[in-house]
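Asks: I'm passing along data22.tsv; it holds TSV, C-alpha atoms.
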chain	number	residue	atom	x	y	z
A	28	MET	CA	43.00	-24.15	-4.56
A	29	LYS	CA	44.36	-23.16	-1.20
A	30	GLU	CA	46.94	-25.18	0.75
A	31	ILE	CA	46.02	-25.23	4.43
A	32	GLN	CA	48.06	-26.20	7.48
A	33	SER	CA	45.48	-27.02	10.19
A	34	HIS	CA	41.89	-27.86	11.06
A	35	LYS	CA	41.53	-24.36	12.49
A	36	GLU	CA	42.55	-22.90	9.11
A	37	LEU	CA	39.97	-25.14	7.38
A	38	ILE	CA	37.21	-23.96	9.73
A	39	GLU	CA	38.17	-20.32	9.08
A	40	GLY	CA	38.14	-20.93	5.31
A	41	LEU	CA	34.70	-22.58	5.44
A	42	LYS	CA	33.06	-19.55	7.08
A	43	GLY	CA	30.36	-18.12	4.85
A	44	THR	CA	30.73	-20.77	2.12
A	45	LYS	CA	27.70	-22.43	0.59
A	46	LYS	CA	29.75	-25.34	-0.76
A	47	ALA	CA	33.44	-26.13	-0.27
A	48	TYR	CA	35.83	-29.05	-0.63
A	49	CYS	CA	38.97	-30.19	1.15
A	50	LEU	CA	41.32	-32.70	-0.48
A	51	LEU	CA	43.37	-34.71	1.98
A	52	TYR	CA	46.31	-36.30	0.20
A	53	LYS	CA	49.82	-37.58	0.79
A	54	LYS	CA	52.36	-35.95	-1.50
A	55	GLY	CA	54.53	-38.51	-3.29
A	56	SER	CA	51.86	-41.24	-3.28
A	57	GLU	CA	50.90	-42.12	-6.87
A	58	ILE	CA	47.15	-42.16	-6.24
A	59	SER	CA	47.27	-39.01	-4.09
A	60	ASP	CA	49.29	-37.16	-6.73
A	61	CYS	CA	46.74	-38.33	-9.31
A	62	ALA	CA	43.87	-36.91	-7.21
A	63	TYR	CA	45.73	-33.65	-6.51
A	64	ASN	CA	46.51	-33.09	-10.22
A	65	SER	CA	42.98	-34.04	-11.34
A	66	VAL	CA	41.37	-31.75	-8.74
A	67	LYS	CA	43.68	-28.91	-9.78
A	68	ALA	CA	42.94	-29.44	-13.49
A	69	GLY	CA	39.20	-29.75	-12.77
A	70	LEU	CA	38.88	-26.47	-10.87
A	71	VAL	CA	36.18	-24.12	-12.02
A	72	LYS	CA	35.77	-20.43	-11.25
A	73	ASP	CA	34.51	-19.73	-7.73
A	74	ALA	CA	35.06	-23.30	-6.47
A	75	GLU	CA	36.23	-23.24	-2.85
A	76	VAL	CA	38.84	-26.00	-2.69
A	77	PHE	CA	41.30	-26.50	0.15
A	78	VAL	CA	44.12	-29.05	0.11
A	79	ALA	CA	46.10	-30.53	2.98
A	80	ASP	CA	49.02	-32.95	2.88
A	81	VAL	CA	48.41	-35.41	5.74
A	82	SER	CA	52.17	-35.87	6.12
A	83	LEU	CA	52.28	-32.29	7.39
A	84	VAL	CA	48.73	-31.62	8.59
A	85	ARG	CA	47.69	-34.17	11.19
A	86	ASP	CA	44.52	-32.76	12.75
A	87	ILE	CA	41.98	-32.66	9.89
A	88	HIS	CA	41.61	-36.35	9.05
A	89	THR	CA	41.29	-37.30	12.72
A	90	GLU	CA	38.58	-34.67	13.26
A	91	TYR	CA	36.42	-36.19	10.48
A	92	ALA	CA	37.43	-39.86	10.90
A	93	VAL	CA	39.03	-40.02	7.46
A	94	THR	CA	41.17	-43.16	7.40
A	95	SER	CA	42.54	-43.21	3.84
A	96	VAL	CA	43.87	-40.74	1.32
A	97	PRO	CA	43.24	-39.29	-1.13
A	98	THR	CA	39.85	-38.21	0.16
A	99	LEU	CA	37.92	-35.20	-1.04
A	100	MET	CA	35.73	-33.95	1.80
A	101	ILE	CA	32.57	-32.10	0.82
A	102	PHE	CA	31.10	-29.31	2.95
A	103	GLU	CA	27.75	-27.56	2.57
A	104	ASN	CA	26.97	-24.43	4.59
A	105	GLU	CA	30.14	-25.10	6.63
A	106	ASN	CA	28.94	-28.63	7.56
A	107	PHE	CA	30.79	-31.81	6.60
A	108	VAL	CA	28.36	-33.82	4.42
A	109	ASN	CA	30.22	-36.40	2.34
A	110	VAL	CA	33.52	-37.79	1.07
A	111	ASN	CA	34.85	-38.89	-2.29
A	112	LYS	CA	37.73	-41.36	-2.05
A	113	GLY	CA	40.47	-42.17	-4.53
A	114	CYS	CA	41.35	-40.49	-7.80
A	115	ASN	CA	38.78	-39.62	-10.43
A	116	GLY	CA	39.21	-38.04	-13.84
A	117	VAL	CA	39.43	-34.30	-14.47
A	118	ALA	CA	35.94	-34.26	-16.04
A	119	TYR	CA	34.46	-35.75	-12.88
A	120	TYR	CA	35.93	-33.03	-10.65
A	121	LYS	CA	34.94	-30.32	-13.12
A	122	SER	CA	31.35	-31.62	-13.00
A	123	LEU	CA	31.44	-31.88	-9.21
A	124	PHE	CA	32.76	-28.35	-8.74
A	125	SER	CA	30.32	-26.85	-11.24
A	126	GLU	CA	27.50	-28.88	-9.61
A	127	THR	CA	26.49	-30.54	-12.88
A	128	ILE	CA	27.42	-34.04	-11.78
A	129	TYR	CA	25.08	-36.83	-12.79
A	130	SER	CA	23.06	-38.44	-10.02
A	131	ALA	CA	21.25	-41.71	-10.54
A	132	LYS	CA	17.54	-41.40	-9.75
A	133	PRO	CA	15.34	-44.19	-8.46
A	134	ASP	CA	11.99	-44.89	-10.13
A	135	GLY	CA	10.13	-42.82	-7.53
A	136	GLY	CA	12.11	-39.57	-8.04
A	137	GLY	CA	14.36	-38.47	-5.11
A	138	GLU	CA	18.12	-38.81	-4.82
A	139	LYS	CA	19.82	-42.17	-4.79
A	140	VAL	CA	23.33	-43.05	-3.70
A	141	GLN	CA	25.49	-44.15	-6.61
A	142	LYS	CA	26.59	-47.79	-6.54
A	143	ARG	CA	30.27	-48.52	-5.88
A	144	VAL	CA	32.16	-48.78	-9.20
A	145	THR	CA	35.66	-50.20	-9.68
A	146	VAL	CA	37.33	-50.44	-13.09
A	147	TYR	CA	40.16	-52.95	-13.53
A	148	SER	CA	42.26	-51.73	-16.42
A	149	THR	CA	45.68	-51.38	-18.04
A	150	PRO	CA	47.17	-48.24	-19.63
A	151	THR	CA	47.41	-49.84	-23.10
A	152	CYS	CA	43.78	-51.05	-23.22
A	153	THR	CA	41.64	-48.98	-25.63
A	154	TYR	CA	38.34	-50.17	-24.17
A	155	CYS	CA	39.59	-49.35	-20.67
A	156	THR	CA	40.22	-45.76	-21.77
A	157	GLN	CA	36.78	-45.61	-23.40
A	158	ILE	CA	34.90	-46.88	-20.34
A	159	LYS	CA	36.69	-44.43	-18.02
A	160	LYS	CA	35.97	-41.58	-20.44
A	161	TYR	CA	32.31	-42.64	-20.51
A	162	PHE	CA	32.13	-42.63	-16.69
A	163	ASP	CA	33.82	-39.20	-16.61
A	164	GLU	CA	31.30	-37.83	-19.15
A	165	LYS	CA	28.39	-39.19	-17.10
A	166	GLY	CA	29.88	-37.97	-13.81
A	167	ILE	CA	30.07	-41.51	-12.43
A	168	ARG	CA	32.55	-41.86	-9.57
A	169	TYR	CA	34.81	-44.87	-9.97
A	170	LYS	CA	37.99	-46.34	-8.61
A	171	ASP	CA	40.52	-47.24	-11.30
A	172	ILE	CA	42.87	-50.14	-10.56
A	173	ASP	CA	45.77	-50.64	-12.97
A	174	VAL	CA	46.24	-54.43	-12.87
A	175	SER	CA	49.50	-54.15	-14.81
A	176	LYS	CA	51.01	-52.51	-11.70
A	177	ASP	CA	49.04	-54.26	-8.94
A	178	GLN	CA	49.60	-58.04	-8.99
A	179	LYS	CA	47.36	-58.71	-5.97
A	180	ALA	CA	44.48	-56.82	-7.56
A	181	ALA	CA	45.03	-58.71	-10.84
A	182	GLU	CA	44.88	-62.03	-9.00
A	183	ALA	CA	41.74	-60.98	-7.11
A	184	MET	CA	40.13	-59.85	-10.38
A	185	VAL	CA	40.81	-63.23	-12.05
A	186	LYS	CA	39.60	-65.11	-8.97
A	187	ARG	CA	36.34	-63.13	-8.95
A	188	SER	CA	35.55	-63.29	-12.68
A	189	GLY	CA	37.55	-66.28	-13.88
A	190	GLN	CA	38.96	-64.12	-16.70
A	191	GLN	CA	42.13	-62.11	-17.27
A	192	GLY	CA	40.82	-59.66	-19.90
A	193	VAL	CA	40.28	-55.98	-19.17
A	194	PRO	CA	38.36	-53.84	-18.71
A	195	GLN	CA	36.40	-55.52	-15.98
A	196	THR	CA	34.05	-53.31	-14.04
A	197	ASP	CA	32.74	-54.21	-10.62
A	198	ILE	CA	29.43	-52.42	-10.05
A	199	ALA	CA	28.30	-53.14	-6.48
A	200	GLY	CA	29.56	-56.72	-6.75
A	201	GLN	CA	28.38	-57.44	-10.29
A	202	ILE	CA	31.18	-57.92	-12.82
A	203	VAL	CA	30.78	-56.43	-16.30
A	204	MET	CA	33.26	-57.76	-18.86
A	205	GLY	CA	34.49	-55.33	-21.51
A	206	PHE	CA	32.72	-52.08	-22.30
A	207	ASP	CA	29.12	-53.36	-22.22
A	208	ARG	CA	27.34	-50.00	-22.28
A	209	ILE	CA	23.85	-51.53	-22.11
A	210	LYS	CA	24.60	-53.57	-18.98
A	211	ILE	CA	26.49	-50.66	-17.37
A	212	ASN	CA	23.61	-48.26	-18.07
A	213	LYS	CA	21.12	-50.72	-16.59
A	214	LEU	CA	23.18	-51.35	-13.43
A	215	LEU	CA	23.79	-47.61	-12.85
A	216	ASN	CA	20.33	-46.37	-13.99
A	217	ILE	CA	21.83	-44.26	-16.78
A	218	GLU	CA	19.30	-43.27	-19.43
Let me see the file written as structure tokens.
Replies:
Amino acid sequence: MKEIQSHKELIEGLKGTKKAYCLLYKKGSEISDCAYNSVKAGLVKDAEVFVADVSLVRDIHTEYAVTSVPTLMIFENENFVNVNKGCNGVAYYKSLFSETIYSAKPDGGGEKVQKRVTVYSTPTCTYCTQIKKYFDEKGIRYKDIDVSKDQKAAEAMVKRSGQQGVPQTDIAGQIVMGFDRIKINKLLNIE
């Protein structure tokens, strides 16, 4: 993991790489620190990972129209190809960096974009921990919202589902209550 100070330094670092990543984060932000620590713990040998604190480095995010942090930018053959926003678990980053991440496949073969997944959870909820571990094992990207710390998100969750219990998982607008593996697998095309 290499700390960089400018867009020019990123471009220099990307030269000759087949695949590389750049984490834009804001040091001191809880979710950014989560992403930074998970990326660091998920590093695998030979992974080209650059990191830039947007409080200090102000030219990278503007160059790629990145409007929120943390964002992990993905480059292939020196070209910017995708982003991964928010904080994911260590297992997710390890899978991403070792290129063993799960990709949902449509019935006809070919690649398919994964549906947006948001988990509403609390730190003391056993099923919340289990569902996030399951997503990490399957390489499913998800946003984790701790409703014990985010009152507005908790209110929005209750308004959407009519229930206060967690975990609640929003998969592309469909709410799954609890850890309903069968429904989750169906919605995300997991075999």
Asks: Using atom CA of Gly192 of chain A and atom CA of Lys160 of chain A as the two end points, give the distance in Å to one decimal.
Replies: 18.7 Å
Asks: Return the single residue from A:Tyr169, A:Tyr48, A:Phe124, A:Tyr63 that is closest to Ile101 of chain A, with distances computed using only C-alpha atoms.
Replies: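 Once distances to Ile101 of chain A are computed over only C-alpha atoms, the minimum belongs to A:Tyr48.
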Asks: Have a look at atom CA of Asn109 of chain A and atom CA of Ile211 of chain A and let me know their distance in Å, one decimal.
Replies: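 These atoms are spaced 24.6 Å apart.
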Asks: In Å, how far is it from atom CA of Gly205 of chain A to atom CA of Arg187 of chain A?
Replies: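 We find that atom CA of Gly205 of chain A and atom CA of Arg187 of chain A lie 14.9 Å from each other.
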Asks: Counting all atoms listed in the file, which residue out of A:Thr98, A:Ser122, A:Asn64, A:Gln32 sits closest to Phe162 of chain A?
Replies: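 Nearest to Phe162 of chain A: A:Ser122.
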Asks: For Ile38 of chain A, which of A:Leu51, A:Asp86, A:Glu105, A:Ala74 is the closest residue, counting all atoms listed in the file?
Replies: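 Checking each candidate against Ile38 of chain A, we get A:Glu105 as the closest.
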Asks: Give the answer as one residue: which of A:Thr44, A:Asp163, A:His34, A:Ser175 has the shortest atom-to-atom distance to Tyr120 of chain A, using only C-alpha atoms?
Replies: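 Using only C-alpha atoms, the shortest distance to Tyr120 of chain A belongs to A:Asp163.
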Asks: Which residues come within 12 Å of Asp73 of chain A, counting all atoms listed in the file, excluding same-chain residues fewer than 5 positions away, as a list in words?
Replies: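 Answer for this query is Met28, Thr44, Lys45, Lys46, Ala47, Tyr48, Lys121, Phe124, Ser125 and Glu126 of chain A.
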Asks: Output C-alpha atoms for every residue in the selection just made, as a compact mmCIF listing (two decimals), keeping the file's coordinate frame.
Replies:
# COMPACT_ATOMS: atom_id res chain seq x y z
CA MET A 28 43.00 -24.15 -4.56
CA THR A 44 30.73 -20.77 2.12
CA LYS A 45 27.70 -22.43 0.59
CA LYS A 46 29.75 -25.34 -0.76
CA ALA A 47 33.44 -26.13 -0.27
CA TYR A 48 35.83 -29.05 -0.63
CA LYS A 121 34.94 -30.32 -13.12
CA PHE A 124 32.76 -28.35 -8.74
CA SER A 125 30.32 -26.85 -11.24
CA GLU A 126 27.50 -28.88 -9.61
Asks: Quick one: of A:Lys159, A:Arg168, A:Lys72, A:His88, who's nearest to Tyr119 of chain A, counting only C-alpha atoms?
Replies: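 For Tyr119 of chain A, the nearest of the given residues is A:Arg168.
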Asks: Can you list, as a ChimeraX atom specification, every protein, DNA or RNA residue that comes within 9 Å of Cys49 of chain A when you count only C-alpha atoms, leaving out same-chain residues fewer than 5 positions away?
Replies: /A:37,75-79,98-102
Asks: So, counting all atoms listed in the file, which residue among A:Lys186, A:Lys179, A:Asn216, A:Ala68 is closest to Val140 of chain A?
Replies: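 For Val140 of chain A, the nearest of the candidates is A:Asn216.
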Asks: Would you mind listing what lies within 10 Å of Lys142 of chain A as number ranges by chain, with only C-alpha atoms counted and same-chain residues fewer than 6 positions away left out?
Replies: A: 131, 167-169, 197-200, 214-216
Asks: Counting all atoms listed in the file, what is within 10 Å of segment 52-54 of chain A, bar same-chain residues fewer than 5 positions away, as a list in words?
Replies: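 Close residues of segment 52-54 of chain A: Ser59, Asp60, Cys61, Ala62, Tyr63, Val78, Ala79, Asp80, Val81, Ser82, Leu83, Val84, Ser95, Val96, Pro97, Thr98, Leu99 and Gly113 of chain A.
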Asks: Write out as an MDAnalysis selection string which residues come within 12 Å of Gln157 of chain A when counting all atoms listed in the file, dropping same-chain ones fewer than 6 positions away.
Replies: chainID A and resid 146 148:151 163:164 193:194 205:208
